[in-house]
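Coordinates as given in entry.txt (compact mmCIF, C-alpha atoms):
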# COMPACT_ATOMS: atom_id res chain seq x y z
CA MET A 1 127.58 -61.20 239.94
CA SER A 2 124.30 -60.63 241.72
CA ALA A 3 122.17 -63.58 242.77
CA ILE A 4 119.27 -64.49 240.53
CA GLU A 5 115.95 -65.90 241.60
CA ILE A 6 114.95 -68.97 239.64
CA GLU A 7 111.24 -69.70 239.72
CA PRO A 8 110.17 -73.31 240.42
CA ILE A 9 108.52 -73.61 236.99
CA THR A 10 109.60 -75.99 234.25
CA GLY A 11 108.75 -75.14 230.65
CA ARG A 12 109.08 -77.72 227.86
CA TYR A 13 107.77 -78.56 224.40
CA MET A 14 105.90 -81.70 223.45
CA ARG A 15 105.37 -83.02 219.96
CA LEU A 16 102.03 -84.68 219.48
CA GLU A 17 99.14 -85.06 217.09
CA ILE A 18 96.12 -82.89 217.71
CA HIS A 19 93.14 -83.14 215.37
CA GLY A 20 95.24 -85.61 213.38
CA ARG A 21 97.99 -83.06 212.65
CA PRO A 22 101.46 -82.76 214.14
CA HIS A 23 101.84 -79.95 216.68
CA ARG A 24 104.65 -78.61 218.80
CA LEU A 25 103.07 -77.52 222.04
CA TYR A 26 104.59 -75.54 224.87
CA TRP A 27 103.64 -76.22 228.47
CA GLU A 28 104.76 -75.31 231.97
CA GLU A 29 104.53 -77.22 235.22
CA ALA A 30 105.16 -76.67 238.89
CA GLY A 31 104.37 -78.65 242.02
CA GLN A 32 103.39 -82.17 242.92
CA GLY A 33 100.18 -83.93 243.78
CA ILE A 34 96.76 -83.79 242.18
CA PRO A 35 97.13 -82.76 238.50
CA LEU A 36 95.54 -79.35 237.91
CA VAL A 37 95.23 -78.43 234.22
CA CYS A 38 94.85 -74.67 233.70
CA LEU A 39 93.33 -73.21 230.52
CA HIS A 40 94.12 -69.63 229.56
CA THR A 41 91.62 -67.12 228.17
CA ALA A 42 90.98 -66.20 224.56
CA GLY A 43 93.73 -64.25 222.84
CA ALA A 44 96.38 -64.75 225.52
CA ASP A 45 98.59 -67.60 226.74
CA GLY A 46 99.67 -69.62 229.75
CA ARG A 47 101.59 -66.75 231.34
CA GLN A 48 98.25 -65.76 232.83
CA TYR A 49 98.84 -68.49 235.43
CA ARG A 50 102.23 -67.16 236.54
CA ALA A 51 101.01 -66.49 240.08
CA LEU A 52 99.39 -69.90 240.48
CA LEU A 53 102.54 -71.66 239.26
CA ASN A 54 104.56 -69.70 241.81
CA ASP A 55 102.19 -70.15 244.76
CA PRO A 56 103.58 -72.73 247.21
CA LYS A 57 100.20 -73.08 248.93
CA ILE A 58 98.93 -74.56 245.67
CA THR A 59 102.02 -76.30 244.31
CA GLU A 60 102.60 -78.27 247.51
CA ARG A 61 99.31 -80.07 246.88
CA PHE A 62 98.82 -79.79 243.13
CA ARG A 63 100.85 -80.53 240.02
CA VAL A 64 99.92 -77.38 238.13
CA ILE A 65 100.00 -77.83 234.35
CA VAL A 66 99.58 -74.89 231.98
CA PHE A 67 99.82 -75.25 228.21
CA ASP A 68 99.68 -72.67 225.46
CA MET A 69 96.95 -73.59 223.00
CA PRO A 70 98.11 -73.99 219.39
CA TRP A 71 98.36 -70.51 217.78
CA HIS A 72 98.99 -68.98 221.24
CA GLY A 73 102.09 -68.07 223.22
CA LYS A 74 104.98 -70.38 222.37
CA SER A 75 102.80 -72.99 220.64
CA SER A 76 102.92 -72.28 216.92
CA PRO A 77 100.04 -73.00 214.58
CA PRO A 78 100.25 -76.31 212.71
CA GLU A 79 101.94 -76.56 209.31
CA GLY A 80 99.80 -75.03 206.58
CA TRP A 81 98.25 -72.40 208.83
CA GLN A 82 98.85 -69.69 206.27
CA ASP A 83 96.02 -71.06 204.14
CA GLU A 84 93.50 -71.29 206.98
CA GLU A 85 91.41 -69.03 209.14
CA TYR A 86 91.79 -69.90 212.81
CA LYS A 87 88.41 -70.65 214.40
CA LEU A 88 88.05 -72.43 217.70
CA THR A 89 84.98 -74.65 218.02
CA THR A 90 83.49 -76.57 220.92
CA ASP A 91 84.56 -79.90 219.42
CA SER A 92 88.10 -78.82 218.57
CA TYR A 93 88.60 -77.25 222.00
CA VAL A 94 87.35 -80.29 223.91
CA GLU A 95 89.50 -82.57 221.77
CA LEU A 96 92.55 -80.38 222.32
CA VAL A 97 92.27 -80.46 226.12
CA MET A 98 91.56 -84.21 226.22
CA THR A 99 94.47 -84.95 223.85
CA VAL A 100 96.95 -82.94 225.93
CA ALA A 101 95.74 -84.33 229.27
CA LYS A 102 95.91 -87.91 227.98
CA ALA A 103 99.31 -87.32 226.37
CA LEU A 104 100.61 -86.31 229.79
CA GLN A 105 98.99 -89.45 231.26
CA LEU A 106 97.25 -87.49 233.98
CA GLU A 107 95.24 -89.52 236.46
CA ASN A 108 91.94 -88.11 237.61
CA PRO A 109 92.97 -84.49 237.07
CA VAL A 110 91.20 -81.28 237.98
CA VAL A 111 90.70 -78.77 235.18
CA THR A 112 90.25 -75.04 235.54
CA GLY A 113 89.91 -72.36 232.90
CA CYS A 114 89.04 -68.72 232.51
CA SER A 115 86.59 -67.14 230.06
CA ILE A 116 86.68 -69.47 227.01
CA GLY A 117 88.41 -71.89 229.39
CA GLY A 118 85.60 -71.34 231.87
CA ARG A 119 83.13 -72.27 229.16
CA VAL A 120 84.92 -75.38 227.90
CA VAL A 121 85.35 -76.88 231.38
CA LEU A 122 81.54 -77.13 231.51
CA GLU A 123 81.62 -79.09 228.29
CA LEU A 124 84.47 -81.26 229.60
CA ALA A 125 82.33 -82.08 232.66
CA ARG A 126 79.38 -82.90 230.42
CA ARG A 127 81.24 -85.09 227.94
CA HIS A 128 83.91 -86.64 230.16
CA PRO A 129 82.60 -86.70 233.76
CA ASP A 130 84.51 -89.87 234.65
CA TYR A 131 87.86 -88.52 233.52
CA TRP A 132 87.88 -85.24 235.47
CA ARG A 133 87.99 -85.16 239.26
CA CYS A 134 86.16 -81.84 239.21
CA ILE A 135 86.06 -78.64 237.18
CA ILE A 136 86.65 -75.07 238.34
CA GLY A 137 85.17 -72.44 236.03
CA LEU A 138 86.61 -68.93 236.23
CA GLN A 139 84.33 -66.35 234.62
CA SER A 140 82.27 -69.33 233.58
CA SER A 141 78.91 -69.31 231.84
CA ALA A 142 77.05 -71.50 229.37
CA LYS A 143 76.58 -68.70 226.85
CA GLU A 144 77.40 -65.10 226.20
CA GLN A 145 74.97 -62.42 225.19
CA ARG A 146 76.69 -60.81 222.19
CA TYR A 147 77.51 -57.17 222.70
CA PHE A 148 80.55 -56.47 220.54
CA ASP A 149 81.52 -56.90 216.90
CA ILE A 150 84.54 -59.18 217.25
CA SER A 151 85.68 -58.48 213.69
CA TRP A 152 87.24 -55.22 214.96
CA LEU A 153 89.90 -57.45 216.50
CA HIS A 154 91.27 -58.37 213.09
CA ARG A 155 91.31 -55.66 210.45
CA PRO A 156 94.24 -54.41 208.41
CA THR A 157 93.56 -50.79 209.36
CA ILE A 158 93.59 -51.49 213.12
CA HIS A 159 96.53 -52.80 215.10
CA GLY A 160 95.30 -56.14 216.42
CA GLY A 161 97.46 -56.09 219.53
CA GLU A 162 96.38 -52.60 220.52
CA MET A 163 92.76 -53.46 219.80
CA SER A 164 92.91 -56.71 221.78
CA ALA A 165 94.33 -54.90 224.79
CA ALA A 166 91.71 -52.15 224.47
CA TYR A 167 88.97 -54.77 224.35
CA CYS A 168 90.30 -56.54 227.46
CA TYR A 169 91.26 -53.40 229.35
CA GLY A 170 87.94 -53.18 231.17
CA LEU A 171 87.85 -56.91 231.88
CA VAL A 172 90.62 -56.36 234.41
CA GLY A 173 88.93 -55.12 237.59
CA PRO A 174 89.88 -51.73 239.04
CA ALA A 175 91.32 -53.35 242.18
CA ALA A 176 93.99 -55.19 240.16
CA PRO A 177 97.48 -53.80 240.80
CA LEU A 178 98.74 -51.80 237.82
CA LYS A 179 101.74 -54.02 237.20
CA HIS A 180 99.55 -57.12 236.88
CA ARG A 181 96.98 -55.29 234.75
CA TRP A 182 99.58 -54.15 232.26
CA GLU A 183 101.51 -57.41 232.21
CA THR A 184 98.30 -59.26 231.42
CA LEU A 185 97.41 -56.72 228.72
CA TRP A 186 100.85 -57.19 227.20
CA HIS A 187 100.07 -60.87 226.70
CA TYR A 188 96.91 -59.92 224.79
CA MET A 189 98.93 -57.43 222.75
CA GLN A 190 101.27 -60.25 221.73
CA GLY A 191 98.57 -62.49 220.32
CA GLY A 192 98.82 -63.46 216.66
CA PRO A 193 96.62 -61.76 214.05
CA GLY A 194 93.06 -63.02 214.17
CA VAL A 195 93.69 -65.44 217.02
CA PHE A 196 91.66 -63.59 219.65
CA MET A 197 88.81 -63.29 217.16
CA GLY A 198 89.11 -67.01 216.32
CA ASP A 199 88.87 -67.90 220.01
CA LEU A 200 85.84 -65.68 220.45
CA TYR A 201 84.13 -67.55 217.62
CA PHE A 202 83.84 -70.34 220.19
CA TYR A 203 82.90 -68.00 223.01
CA SER A 204 80.32 -65.90 221.19
CA ILE A 205 78.99 -68.08 218.42
CA ASP A 206 79.74 -71.82 218.41
CA GLY A 207 80.05 -72.47 222.11
CA ASP A 208 76.56 -71.75 223.45
CA ILE A 209 75.90 -74.86 225.53
CA SER A 210 72.97 -73.55 227.53
CA ASP A 211 70.63 -76.20 226.12
CA LYS A 212 72.95 -79.02 227.22
CA ILE A 213 74.04 -77.70 230.58
CA HIS A 214 71.46 -79.80 232.44
CA GLU A 215 73.27 -82.92 231.22
CA ILE A 216 76.24 -82.23 233.51
CA ASP A 217 76.26 -84.86 236.24
CA THR A 218 77.69 -82.95 239.20
CA GLY A 219 77.50 -86.17 241.25
CA LYS A 220 80.20 -87.62 239.00
CA CYS A 221 82.08 -84.42 238.29
CA PRO A 222 81.63 -81.58 240.79
CA VAL A 223 81.48 -78.08 239.36
CA TYR A 224 82.93 -75.00 241.09
CA MET A 225 82.56 -71.48 239.74
CA LEU A 226 84.39 -68.28 240.59
CA THR A 227 83.21 -65.06 238.94
CA GLY A 228 84.41 -61.51 239.50
CA GLU A 229 81.81 -58.77 239.50
CA TYR A 230 83.65 -56.34 237.21
CA ASP A 231 83.66 -58.74 234.27
CA TYR A 232 80.95 -57.47 231.95
CA SER A 233 81.60 -60.29 229.49
CA CYS A 234 80.61 -62.99 231.97
CA THR A 235 78.61 -61.38 234.76
CA PRO A 236 77.91 -62.99 238.14
CA ALA A 237 74.29 -63.22 236.97
CA ALA A 238 75.37 -65.22 233.89
CA SER A 239 77.37 -67.62 236.07
CA GLU A 240 74.46 -67.96 238.46
CA ALA A 241 72.09 -68.66 235.59
CA THR A 242 74.44 -71.43 234.45
CA MET B 1 84.80 -32.64 235.01
CA ILE B 2 84.78 -32.40 231.20
CA GLU B 3 86.47 -28.98 231.29
CA LYS B 4 89.42 -30.56 233.10
CA LEU B 5 89.89 -33.24 230.46
CA GLN B 6 92.23 -31.15 228.31
CA ASP B 7 94.75 -30.46 231.09
CA LEU B 8 94.52 -33.97 232.48
CA VAL B 9 95.38 -35.48 229.10
CA ASN B 10 97.92 -32.93 227.89
CA SER B 11 99.91 -33.06 231.12
CA ASP B 12 100.42 -36.82 230.70
CA ALA B 13 103.37 -36.98 228.31
CA ALA B 14 103.25 -40.76 227.98
CA LEU B 15 99.58 -40.67 227.04
CA VAL B 16 100.09 -37.89 224.51
CA ASN B 17 102.95 -39.87 223.01
CA ARG B 18 100.82 -43.03 222.88
CA GLY B 19 98.16 -41.10 220.95
CA ARG B 20 100.51 -39.20 218.65
CA TRP B 21 98.96 -40.69 215.48
CA MET B 22 95.44 -39.82 216.54
CA SER B 23 93.78 -36.68 215.25
CA ALA B 24 90.03 -36.72 215.59
CA ASN B 25 87.00 -34.66 216.50
CA MET B 26 85.24 -36.58 219.22
CA LEU B 27 81.81 -35.56 220.32
CA LEU B 28 81.11 -36.51 223.92
CA GLN B 29 77.47 -36.41 224.82
CA ILE B 30 76.63 -36.29 228.50
CA GLY B 31 72.87 -36.55 228.80
CA ASP B 32 71.60 -33.82 226.46
CA GLU B 33 74.83 -31.84 226.59
CA GLY B 34 77.39 -32.01 223.79
CA HIS B 35 81.13 -31.35 224.00
CA LEU B 36 83.42 -31.34 221.02
CA VAL B 37 86.88 -32.65 221.93
CA GLU B 38 89.39 -31.78 219.23
CA ILE B 39 92.37 -34.11 219.39
CA ARG B 40 95.44 -33.34 217.29
CA SER B 41 98.46 -35.65 217.36
CA GLY B 42 97.43 -37.04 220.72
CA ARG B 43 96.91 -33.65 222.38
CA ILE B 44 93.52 -32.17 223.15
CA GLU B 45 93.50 -28.84 221.32
CA SER B 46 90.15 -27.74 222.70
CA VAL B 47 86.99 -28.82 224.44
CA SER B 48 84.03 -26.69 223.45
CA PRO B 49 80.23 -26.82 223.68
CA ALA B 50 78.65 -28.69 220.78
CA ASN B 51 75.17 -29.05 219.41
CA VAL B 52 74.46 -32.78 219.59
CA TYR B 53 72.28 -32.59 216.46
CA VAL B 54 74.33 -30.56 214.01
CA THR B 55 77.94 -30.21 215.13
CA PRO B 56 80.05 -32.37 212.80
CA TYR B 57 82.30 -34.98 214.39
CA ASP B 58 84.35 -38.04 213.51
CA PHE B 59 82.87 -40.22 216.21
CA LYS B 60 80.54 -39.68 219.08
CA ILE B 61 80.39 -41.34 222.49
CA ARG B 62 76.97 -40.76 223.94
CA GLY B 63 76.01 -41.67 227.49
CA THR B 64 73.42 -40.84 230.09
CA GLU B 65 74.43 -38.32 232.72
CA ASP B 66 74.35 -41.05 235.36
CA ALA B 67 76.58 -43.29 233.25
CA TRP B 68 79.31 -40.65 232.90
CA GLN B 69 79.01 -39.66 236.54
CA GLU B 70 79.54 -43.25 237.64
CA PHE B 71 82.27 -43.81 235.02
CA TRP B 72 84.27 -40.86 236.41
CA LYS B 73 84.14 -41.96 240.04
CA PRO B 74 87.55 -43.03 241.34
CA ILE B 75 86.26 -46.61 241.57
CA PRO B 76 83.09 -46.95 239.48
CA LYS B 77 80.67 -49.69 240.35
CA PRO B 78 80.88 -52.96 238.42
CA ARG B 79 80.04 -52.77 234.71
CA HIS B 80 80.19 -48.95 234.83
CA HIS B 81 83.99 -48.77 234.70
CA ASP B 82 84.48 -49.22 230.96
CA ILE B 83 82.99 -47.87 227.73
CA ILE B 84 82.21 -51.34 226.35
CA ALA B 85 80.72 -52.36 229.70
CA LEU B 86 78.43 -49.33 229.61
CA ILE B 87 77.50 -50.02 225.98
CA ARG B 88 76.55 -53.50 227.08
CA GLU B 89 74.51 -52.04 229.95
CA GLY B 90 72.64 -49.92 227.38
CA LYS B 91 73.86 -46.68 228.95
CA MET B 92 76.35 -45.61 226.26
CA GLN B 93 76.50 -45.70 222.48
CA MET B 94 79.20 -45.05 219.91
CA GLU B 95 78.35 -43.48 216.59
CA GLY B 96 80.11 -42.21 213.50
CA ASN B 97 83.51 -43.40 212.32
CA ILE B 98 83.78 -46.44 214.61
CA GLU B 99 86.85 -47.67 212.72
CA MET B 100 88.76 -44.52 213.68
CA ALA B 101 87.63 -44.92 217.28
CA MET B 102 88.63 -48.58 217.39
CA ALA B 103 92.04 -47.89 215.87
CA ASN B 104 92.71 -45.61 218.86
CA PHE B 105 90.53 -47.34 221.41
CA LEU B 106 93.10 -48.02 224.13
CA THR B 107 94.33 -44.42 223.99
CA LEU B 108 90.73 -43.19 224.05
CA LYS B 109 89.91 -45.31 227.07
CA LEU B 110 92.96 -44.00 228.92
CA MET B 111 92.01 -40.41 228.01
CA LEU B 112 88.39 -40.76 229.00
CA GLU B 113 89.10 -42.24 232.41
CA LYS B 114 91.48 -39.40 233.33
CA PRO B 115 88.85 -37.43 235.29
CA ARG B 116 88.80 -40.27 237.84
CA LYS B 117 91.93 -38.71 239.24
CA LEU B 118 89.88 -35.72 240.38
CA GLY B 119 88.07 -37.90 242.89
CA GLY B 120 84.45 -37.00 242.19
CA GLY B 121 81.69 -37.61 239.66
CA ALA B 122 80.66 -35.63 236.56
Since I need it in another form, could you write the structure as C-alpha cells?
Amino acid sequence: MSAIEIEPITGRYMRLEIHGRPHRLYWEEAGQGIPLVCLHTAGADGRQYRALLNDPKITERFRVIVFDMPWHGKSSPPEGWQDEEYKLTTDSYVELVMTVAKALQLENPVVTGCSIGGRVVLELARRHPDYWRCIIGLQSSAKEQRYFDISWLHRPTIHGGEMSAAYCYGLVGPAAPLKHRWETLWHYMQGGPGVFMGDLYFYSIDGDISDKIHEIDTGKCPVYMLTGEYDYSCTPAASEAT
Amino acid sequence: MIEKLQDLVNSDAALVNRGRWMSANMLLQIGDEGHLVEIRSGRIESVSPANVYVTPYDFKIRGTEDAWQEFWKPIPKPRHHDIIALIREGKMQMEGNIEMAMANFLTLKLMLEKPRKLGGGA
C-alpha cells in the first residue's frame, strides 16, 4: 500500500438555527491562534480556501475557519427550499456570518472574504466594529456597476454549471496556473441551480453600500483590501474608490 | 489571426468534443471587417468574409480592432482578456441570438482565445 498524504484540515457539520430556521452547515478548520473566518465567493464554496488552509505560514498563527454558506458546497438549503427562490440580501448575509462566528464562540476574530465576501466584510465592519479584530476584503468594493444580465445564470435552456464557469472564466487572471484555474471553475460548475444568481442579487442589486461606507470606523475595526487587476467585476479603481 | 482560427480549433480534439452540440453561424466583427465563422458540431467548417450589414448570422461578437488585437496577445492587459471584460470596457458587443451564445459560452471563450497561441496580435 502506498503512503497517503493527509492534509491538516478538519471538516465537520454543525446544526444550528440561522434566520430562525434549522440548518446543517459544513465547515473546515486548520491551525491555531487568531480566528480567521474566510468567506467564499458567489456561486462557489469553501474549497476556494484550500491553499490557505494548507499554508503553514498562516496556520501556525491563525485558526483558519471556512464554512460553506447554506445552499453552497456541502451545506444544504434549509427544509422547504423547493418552494423558495434563493436570494442573498445584505441583512441575511450579515446575520449568517455573525450567527456562525458566535456559534463557534470566536473571540475577536478576523474576517476575510472574496467578491460577495469582500463586500459583506465592509458591512460587518460597519455594523459590528467591536466584534471583529479587522477585516480583509479581497476583490472588495462598496458597489458594482452592473454590466451583465445575471438571469442567464439560471435558465432551463442553458446549463447553469457551464454558464457559471463561463461567467467566471475571465475572473481568474491569466497568470493563474491552469490546474488551479480549472479546479476553481469546477467548484462554480457544481453550484446548485440559481444559487450563483441568488448570490449576485446581493452583489449587484441589494448590496450597494456606497452611501454608508463612510460610517465604517477604521479606528475600531481596521480595513485591509487586496484587489487583483484582472478582475473586471471589482476593478482596482472600484476598490480604491471604496 | 482570424484565418488561423479554423485550424487552431479543429486540431484541438478536446475542444471540438466539448462543443459537439454547438452548431451556429457566428459573425465576428473586427473593426469594420466581418468574418462569418460557421460552426458545425463543435468544428469550424469555414471562416469567410462577411458583410457586417447584411450577412445573416445567429449571433455576432463585435469589437474594435484594438480590442481584438489586445485580446489575442499571449497575455492581454487587464480587462482586455475576456469577452465580458471587453463588453464592460465598452469595446465589444454581442448581438443576435444571445441565448444560443450563452448556452455555449465557455466553449466559445475557449475557441476565441485560441489565436493567443500564435504569440502576436490581430
Applying 12 Å and all atoms listed in the file, which residues near Arg18 of chain B remain after dropping the ones on its own chain fewer than 3 positions away? List them as a PyMOL selection string. (chain A and resi 162) or (chain B and resi 9-10+12-15+21-22+41-43+104-111)
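Every residue of chain B that lies within 8 Å of chain A is listed here, counting all atoms listed in the file: Ile75, Lys77, Pro78, Arg79, His81, Asp82, Ile84, Ala85, Ile87, Arg88, Glu99, Met102, Ala103, Asn104, Phe105, Leu106 and Lys109 of chain B.
Counting all atoms listed in the file and comparing A:Pro236, A:Ala30, A:Ser76, A:Thr41, the residue that lies closest to Lys57 of chain A is A:Ala30.
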Distance in Å - atom CA of Glu28 of chain A versus atom CA of Tyr49 of chain A: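 Distance between the two atoms: 9.7 Å.
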Would you kindly return, as a list in words, each protein, DNA or RNA residue with an atom no farther than 9 Å from any atom of Ile98 of chain B, considering only C-alpha atoms and excluding same-chain residues fewer than 3 positions away?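 Residues meeting the cut-off are Asp58, Phe59, Lys60, Met94, Glu95, Ala101, Met102 and Ala103 of chain B.
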Nearest to Gly192 of chain A among A:Trp71, A:Phe62, A:Gln32, A:Tyr26, with distances taken over only C-alpha atoms: which residue is it?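 Checking each candidate against Gly192 of chain A, we get A:Trp71 as the closest.
Straight-line separation from atom CA of Glu240 of chain A to atom CA of Ser141 of chain A: 8.1 Å.
The coordinates place atom CA of Lys179 of chain A at 27.6 Å from atom CA of Ala67 of chain B.
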Excluding segment 196-199 of chain A and residues on its chain fewer than 6 positions from it, collect all residues at most 6 Å away from it, counting all atoms listed in the file, and give them as a PyMOL selection string. chain A and resi 42-43+86-88+150+153
Across A:Trp81, A:Trp186, A:Phe67, A:Trp132, the smallest distance to Val100 of chain A, with only C-alpha atoms counted, is shown by A:Phe67
Pull segment 10-38 of chain B out of the block and emit C-alpha atoms, as a PDB file, in the first residue's frame.
ATOM      1  CA  ASN B  10     -10.281  21.867 -35.217  1.00  0.00           C
ATOM      2  CA  SER B  11      -6.900  20.495 -34.175  1.00  0.00           C
ATOM      3  CA  ASP B  12      -7.953  20.583 -30.505  1.00  0.00           C
ATOM      4  CA  ALA B  13      -9.925  17.352 -30.145  1.00  0.00           C
ATOM      5  CA  ALA B  14     -10.973  18.071 -26.563  1.00  0.00           C
ATOM      6  CA  LEU B  15     -12.361  21.463 -27.544  1.00  0.00           C
ATOM      7  CA  VAL B  16     -14.222  20.058 -30.540  1.00  0.00           C
ATOM      8  CA  ASN B  17     -15.684  17.380 -28.286  1.00  0.00           C
ATOM      9  CA  ARG B  18     -16.688  19.975 -25.688  1.00  0.00           C
ATOM     10  CA  GLY B  19     -18.551  21.901 -28.394  1.00  0.00           C
ATOM     11  CA  ARG B  20     -20.120  18.914 -30.129  1.00  0.00           C
ATOM     12  CA  TRP B  21     -23.685  20.147 -29.512  1.00  0.00           C
ATOM     13  CA  MET B  22     -22.961  23.589 -30.897  1.00  0.00           C
ATOM     14  CA  SER B  23     -23.840  24.442 -34.466  1.00  0.00           C
ATOM     15  CA  ALA B  24     -24.008  28.145 -35.123  1.00  0.00           C
ATOM     16  CA  ASN B  25     -23.137  30.869 -37.576  1.00  0.00           C
ATOM     17  CA  MET B  26     -21.086  33.365 -35.636  1.00  0.00           C
ATOM     18  CA  LEU B  27     -20.270  36.700 -37.137  1.00  0.00           C
ATOM     19  CA  LEU B  28     -17.048  38.140 -35.784  1.00  0.00           C
ATOM     20  CA  GLN B  29     -16.634  41.812 -36.467  1.00  0.00           C
ATOM     21  CA  ILE B  30     -13.140  43.218 -36.152  1.00  0.00           C
ATOM     22  CA  GLY B  31     -13.396  46.960 -36.614  1.00  0.00           C
ATOM     23  CA  ASP B  32     -15.324  47.327 -39.879  1.00  0.00           C
ATOM     24  CA  GLU B  33     -14.393  43.871 -41.123  1.00  0.00           C
ATOM     25  CA  GLY B  34     -16.806  40.950 -40.896  1.00  0.00           C
ATOM     26  CA  HIS B  35     -15.990  37.242 -40.752  1.00  0.00           C
ATOM     27  CA  LEU B  36     -18.580  34.516 -40.782  1.00  0.00           C
ATOM     28  CA  VAL B  37     -17.487  31.546 -38.669  1.00  0.00           C
ATOM     29  CA  GLU B  38     -19.610  28.501 -39.444  1.00  0.00           C
TER      30      GLU B  38
END
